[in-house]
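Enquirer: So here's work.cif (mmCIF, N, CA and C atoms).
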data_my_file
loop_
_atom_site.group_PDB
_atom_site.id
_atom_site.type_symbol
_atom_site.label_atom_id
_atom_site.label_comp_id
_atom_site.auth_asym_id
_atom_site.auth_seq_id
_atom_site.Cartn_x
_atom_site.Cartn_y
_atom_site.Cartn_z
ATOM 1 N N MET A 1 0.854 -1.172 0.000
ATOM 2 C CA MET A 1 0.000 0.000 0.000
ATOM 3 C C MET A 1 0.902 1.239 0.000
ATOM 4 N N LYS A 2 0.574 2.164 -0.870
ATOM 5 C CA LYS A 2 1.367 3.381 -0.981
ATOM 6 C C LYS A 2 1.107 4.301 0.202
ATOM 7 N N PHE A 3 2.065 5.186 0.426
ATOM 8 C CA PHE A 3 1.920 6.161 1.507
ATOM 9 C C PHE A 3 0.697 7.037 1.288
ATOM 10 N N SER A 4 0.428 7.394 0.041
ATOM 11 C CA SER A 4 -0.729 8.253 -0.238
ATOM 12 C C SER A 4 -2.038 7.562 0.130
ATOM 13 N N ASP A 5 -2.108 6.246 -0.074
ATOM 14 C CA ASP A 5 -3.304 5.496 0.323
ATOM 15 C C ASP A 5 -3.475 5.513 1.841
ATOM 16 N N ARG A 6 -2.375 5.291 2.537
ATOM 17 C CA ARG A 6 -2.428 5.314 4.001
ATOM 18 C C ARG A 6 -2.792 6.694 4.523
ATOM 19 N N ALA A 7 -2.220 7.720 3.914
ATOM 20 C CA ALA A 7 -2.519 9.091 4.335
ATOM 21 C C ALA A 7 -3.978 9.441 4.069
ATOM 22 N N ASN A 8 -4.511 8.983 2.951
ATOM 23 C CA ASN A 8 -5.912 9.230 2.628
ATOM 24 C C ASN A 8 -6.831 8.564 3.644
ATOM 25 N N ILE A 9 -6.570 7.316 3.966
ATOM 26 C CA ILE A 9 -7.385 6.605 4.950
ATOM 27 C C ILE A 9 -7.259 7.269 6.319
ATOM 28 N N PHE A 10 -6.041 7.630 6.705
ATOM 29 C CA PHE A 10 -5.839 8.292 7.997
ATOM 30 C C PHE A 10 -6.588 9.614 8.073
ATOM 31 N N SER A 11 -6.528 10.396 7.008
ATOM 32 C CA SER A 11 -7.215 11.689 7.031
ATOM 33 C C SER A 11 -8.726 11.508 7.114
ATOM 34 N N GLN A 12 -9.253 10.483 6.477
ATOM 35 C CA GLN A 12 -10.691 10.243 6.550
ATOM 36 C C GLN A 12 -11.109 9.733 7.927
ATOM 37 N N VAL A 13 -10.278 8.911 8.547
ATOM 38 C CA VAL A 13 -10.559 8.467 9.915
ATOM 39 C C VAL A 13 -10.527 9.662 10.857
ATOM 40 N N LEU A 14 -9.555 10.532 10.666
ATOM 41 C CA LEU A 14 -9.451 11.736 11.488
ATOM 42 C C LEU A 14 -10.666 12.637 11.294
ATOM 43 N N ASN A 15 -11.080 12.838 10.056
ATOM 44 C CA ASN A 15 -12.274 13.649 9.784
ATOM 45 C C ASN A 15 -13.517 13.054 10.434
ATOM 46 N N LEU A 16 -13.671 11.743 10.343
ATOM 47 C CA LEU A 16 -14.822 11.087 10.953
ATOM 48 C C LEU A 16 -14.784 11.230 12.475
ATOM 49 N N SER A 17 -13.605 11.093 13.067
ATOM 50 C CA SER A 17 -13.474 11.234 14.518
ATOM 51 C C SER A 17 -13.815 12.641 14.979
ATOM 52 N N ILE A 18 -13.315 13.635 14.271
ATOM 53 C CA ILE A 18 -13.612 15.026 14.611
ATOM 54 C C ILE A 18 -15.100 15.297 14.452
ATOM 55 N N PHE A 19 -15.689 14.780 13.381
ATOM 56 C CA PHE A 19 -17.125 14.950 13.154
ATOM 57 C C PHE A 19 -17.934 14.355 14.304
ATOM 58 N N VAL A 20 -17.587 13.150 14.718
ATOM 59 C CA VAL A 20 -18.320 12.491 15.800
ATOM 60 C C VAL A 20 -18.168 13.270 17.102
ATOM 61 N N TYR A 21 -16.959 13.721 17.403
ATOM 62 C CA TYR A 21 -16.725 14.481 18.635
ATOM 63 C C TYR A 21 -17.565 15.758 18.672
ATOM 64 N N PHE A 22 -17.479 16.556 17.611
ATOM 65 C CA PHE A 22 -18.226 17.813 17.597
ATOM 66 C C PHE A 22 -19.732 17.579 17.518
ATOM 67 N N SER A 23 -20.147 16.527 16.845
ATOM 68 C CA SER A 23 -21.575 16.222 16.770
ATOM 69 C C SER A 23 -22.136 15.904 18.148
ATOM 70 N N ILE A 24 -21.438 15.065 18.883
ATOM 71 C CA ILE A 24 -21.890 14.710 20.231
ATOM 72 C C ILE A 24 -21.908 15.937 21.128
ATOM 73 N N THR A 25 -20.871 16.760 21.034
ATOM 74 C CA THR A 25 -20.804 17.976 21.844
ATOM 75 C C THR A 25 -21.955 18.920 21.531
ATOM 76 N N LEU A 26 -22.237 19.125 20.258
ATOM 77 C CA LEU A 26 -23.291 20.065 19.880
ATOM 78 C C LEU A 26 -24.694 19.507 20.098
ATOM 79 N N ILE A 27 -24.859 18.193 19.984
ATOM 80 C CA ILE A 27 -26.166 17.597 20.282
ATOM 81 C C ILE A 27 -26.484 17.763 21.765
ATOM 82 N N ARG A 28 -25.482 17.563 22.610
ATOM 83 C CA ARG A 28 -25.694 17.749 24.049
ATOM 84 C C ARG A 28 -26.085 19.187 24.365
ATOM 85 N N ALA A 29 -25.511 20.126 23.623
ATOM 86 C CA ALA A 29 -25.830 21.537 23.833
ATOM 87 C C ALA A 29 -27.165 21.911 23.187
ATOM 88 N N GLY A 30 -27.676 21.051 22.310
ATOM 89 C CA GLY A 30 -28.971 21.278 21.682
ATOM 90 C C GLY A 30 -28.932 22.205 20.484
ATOM 91 N N PHE A 31 -27.796 22.284 19.802
ATOM 92 C CA PHE A 31 -27.656 23.213 18.685
ATOM 93 C C PHE A 31 -27.890 22.599 17.308
ATOM 94 N N LEU A 32 -27.824 21.288 17.176
ATOM 95 C CA LEU A 32 -27.845 20.693 15.842
ATOM 96 C C LEU A 32 -29.010 19.735 15.635
ATOM 97 N N ASP A 33 -29.325 19.533 14.374
ATOM 98 C CA ASP A 33 -30.368 18.605 13.946
ATOM 99 C C ASP A 33 -29.770 17.203 13.827
ATOM 100 N N VAL A 34 -30.358 16.248 14.489
ATOM 101 C CA VAL A 34 -29.823 14.889 14.509
ATOM 102 C C VAL A 34 -29.904 14.235 13.134
ATOM 103 N N ILE A 35 -30.971 14.449 12.391
ATOM 104 C CA ILE A 35 -31.121 13.841 11.064
ATOM 105 C C ILE A 35 -30.023 14.334 10.122
ATOM 106 N N GLY A 36 -29.750 15.610 10.126
ATOM 107 C CA GLY A 36 -28.680 16.160 9.294
ATOM 108 C C GLY A 36 -27.329 15.589 9.660
ATOM 109 N N LEU A 37 -27.104 15.407 10.953
ATOM 110 C CA LEU A 37 -25.840 14.821 11.398
ATOM 111 C C LEU A 37 -25.714 13.372 10.952
ATOM 112 N N LEU A 38 -26.793 12.625 11.023
ATOM 113 C CA LEU A 38 -26.749 11.232 10.576
ATOM 114 C C LEU A 38 -26.433 11.134 9.090
ATOM 115 N N ILE A 39 -27.029 11.993 8.300
ATOM 116 C CA ILE A 39 -26.765 11.988 6.861
ATOM 117 C C ILE A 39 -25.296 12.303 6.590
ATOM 118 N N SER A 40 -24.758 13.309 7.265
ATOM 119 C CA SER A 40 -23.346 13.668 7.085
ATOM 120 C C SER A 40 -22.433 12.555 7.566
ATOM 121 N N GLY A 41 -22.763 11.960 8.695
ATOM 122 C CA GLY A 41 -21.948 10.876 9.239
ATOM 123 C C GLY A 41 -21.922 9.662 8.341
ATOM 124 N N ILE A 42 -23.056 9.316 7.768
ATOM 125 C CA ILE A 42 -23.113 8.176 6.850
ATOM 126 C C ILE A 42 -22.266 8.457 5.613
ATOM 127 N N GLY A 43 -22.288 9.694 5.146
ATOM 128 C CA GLY A 43 -21.458 10.066 3.999
ATOM 129 C C GLY A 43 -19.976 9.940 4.300
ATOM 130 N N LEU A 44 -19.558 10.410 5.480
ATOM 131 C CA LEU A 44 -18.149 10.298 5.866
ATOM 132 C C LEU A 44 -17.734 8.840 6.034
ATOM 133 N N LEU A 45 -18.584 8.060 6.656
ATOM 134 C CA LEU A 45 -18.276 6.647 6.856
ATOM 135 C C LEU A 45 -18.210 5.904 5.526
ATOM 136 N N GLY A 46 -19.131 6.212 4.625
ATOM 137 C CA GLY A 46 -19.112 5.593 3.298
ATOM 138 C C GLY A 46 -17.848 5.928 2.531
ATOM 139 N N SER A 47 -17.409 7.162 2.639
ATOM 140 C CA SER A 47 -16.180 7.589 1.974
ATOM 141 C C SER A 47 -14.973 6.836 2.522
ATOM 142 N N LEU A 48 -14.945 6.635 3.819
ATOM 143 C CA LEU A 48 -13.857 5.883 4.438
ATOM 144 C C LEU A 48 -13.853 4.437 3.957
ATOM 145 N N VAL A 49 -15.003 3.811 3.894
ATOM 146 C CA VAL A 49 -15.104 2.422 3.442
ATOM 147 C C VAL A 49 -14.637 2.292 1.997
ATOM 148 N N VAL A 50 -15.028 3.226 1.147
ATOM 149 C CA VAL A 50 -14.607 3.189 -0.255
ATOM 150 C C VAL A 50 -13.093 3.322 -0.366
ATOM 151 N N SER A 51 -12.487 4.191 0.430
ATOM 152 C CA SER A 51 -11.029 4.347 0.399
ATOM 153 C C SER A 51 -10.322 3.076 0.844
ATOM 154 N N ILE A 52 -10.848 2.428 1.860
ATOM 155 C CA ILE A 52 -10.242 1.180 2.325
ATOM 156 C C ILE A 52 -10.371 0.095 1.261
ATOM 157 N N ILE A 53 -11.524 -0.007 0.633
ATOM 158 C CA ILE A 53 -11.718 -1.000 -0.431
ATOM 159 C C ILE A 53 -10.780 -0.723 -1.601
ATOM 160 N N ALA A 54 -10.619 0.546 -1.977
ATOM 161 C CA ALA A 54 -9.714 0.899 -3.077
ATOM 162 C C ALA A 54 -8.278 0.524 -2.737
ATOM 163 N N ALA A 55 -7.869 0.740 -1.491
ATOM 164 C CA ALA A 55 -6.509 0.388 -1.087
ATOM 165 C C ALA A 55 -6.311 -1.125 -1.112
ATOM 166 N N ILE A 56 -7.302 -1.878 -0.686
ATOM 167 C CA ILE A 56 -7.206 -3.342 -0.710
ATOM 168 C C ILE A 56 -7.138 -3.852 -2.144
ATOM 169 N N GLU A 57 -7.920 -3.256 -3.035
ATOM 170 C CA GLU A 57 -7.876 -3.669 -4.439
ATOM 171 C C GLU A 57 -6.516 -3.383 -5.060
ATOM 172 N N LYS A 58 -5.888 -2.273 -4.683
ATOM 173 C CA LYS A 58 -4.547 -1.971 -5.201
ATOM 174 C C LYS A 58 -3.539 -2.991 -4.704
ATOM 175 N N LEU A 59 -3.714 -3.486 -3.479
ATOM 176 C CA LEU A 59 -2.801 -4.494 -2.948
ATOM 177 C C LEU A 59 -2.928 -5.814 -3.693
ATOM 178 N N ARG A 60 -4.116 -6.133 -4.139
ATOM 179 C CA ARG A 60 -4.353 -7.401 -4.837
ATOM 180 C C ARG A 60 -3.833 -7.395 -6.266
ATOM 181 N N GLU A 61 -3.601 -6.223 -6.836
ATOM 182 C CA GLU A 61 -3.132 -6.148 -8.236
ATOM 183 C C GLU A 61 -1.693 -6.547 -8.367
#
As structure tokens, how would this structure be written, given the file I've shared?

Expert:
Amino acid sequence: MKFSDRANIFSQVLNLSIFVYFSITLIRAGFLDVIGLLISGIGLLGSLVVSIIAAIEKLRE
């Protein structure tokens, strides 16, 4: 696996972690819409899964 693949996956994991942290913080404060957060979270998680699958496919080639 190339460094760029690892960096891409790491950055997406970091983005998802930051999103989850701030989402939980703002939901507790009552500032955000839960449905909107779920849609955004699913998008971030889907992007991470696609990057991992792409990296695995590159390893198999």

Enquirer: What does the structure give for the distance between CA of Phe3 (chain A) and CA of Ser40 (chain A), in Å to one decimal?

Expert: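 One can read the CA of Phe3 (chain A) to CA of Ser40 (chain A) distance as 26.9 Å.
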
Enquirer: In Å, how far is it from atom N of Ser51 (chain A) to CA of Leu38 (chain A)?

Expert: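 These atoms are spaced 18.9 Å apart.
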
Enquirer: Any idea what the distance is between CA of Gln12 (chain A) and CA of Glu61 (chain A)?

Expert: 23.3 Å

Enquirer: Give the centre and edge lengths of an axis-aligned box, in Å to one decimal, that holds all listed atoms of region 34-40 of chain A with 6 Å on each side, as JSON.

Expert:
{"center_x": -26.8, "center_y": 13.7, "center_z": 10.5, "size_x": 20.7, "size_y": 17.1, "size_z": 19.9}

Enquirer: Taking (-7.7, 3.2, 3.3) in the file's coordinates, which residues come within 6.5 Å, counting all atoms listed in the file, written as a list in words?

Expert: Asp5, Arg6, Asn8, Ile9, Phe10, Leu48, Ser51, Ile52, Ile53, Ala55 and Ile56 of chain A
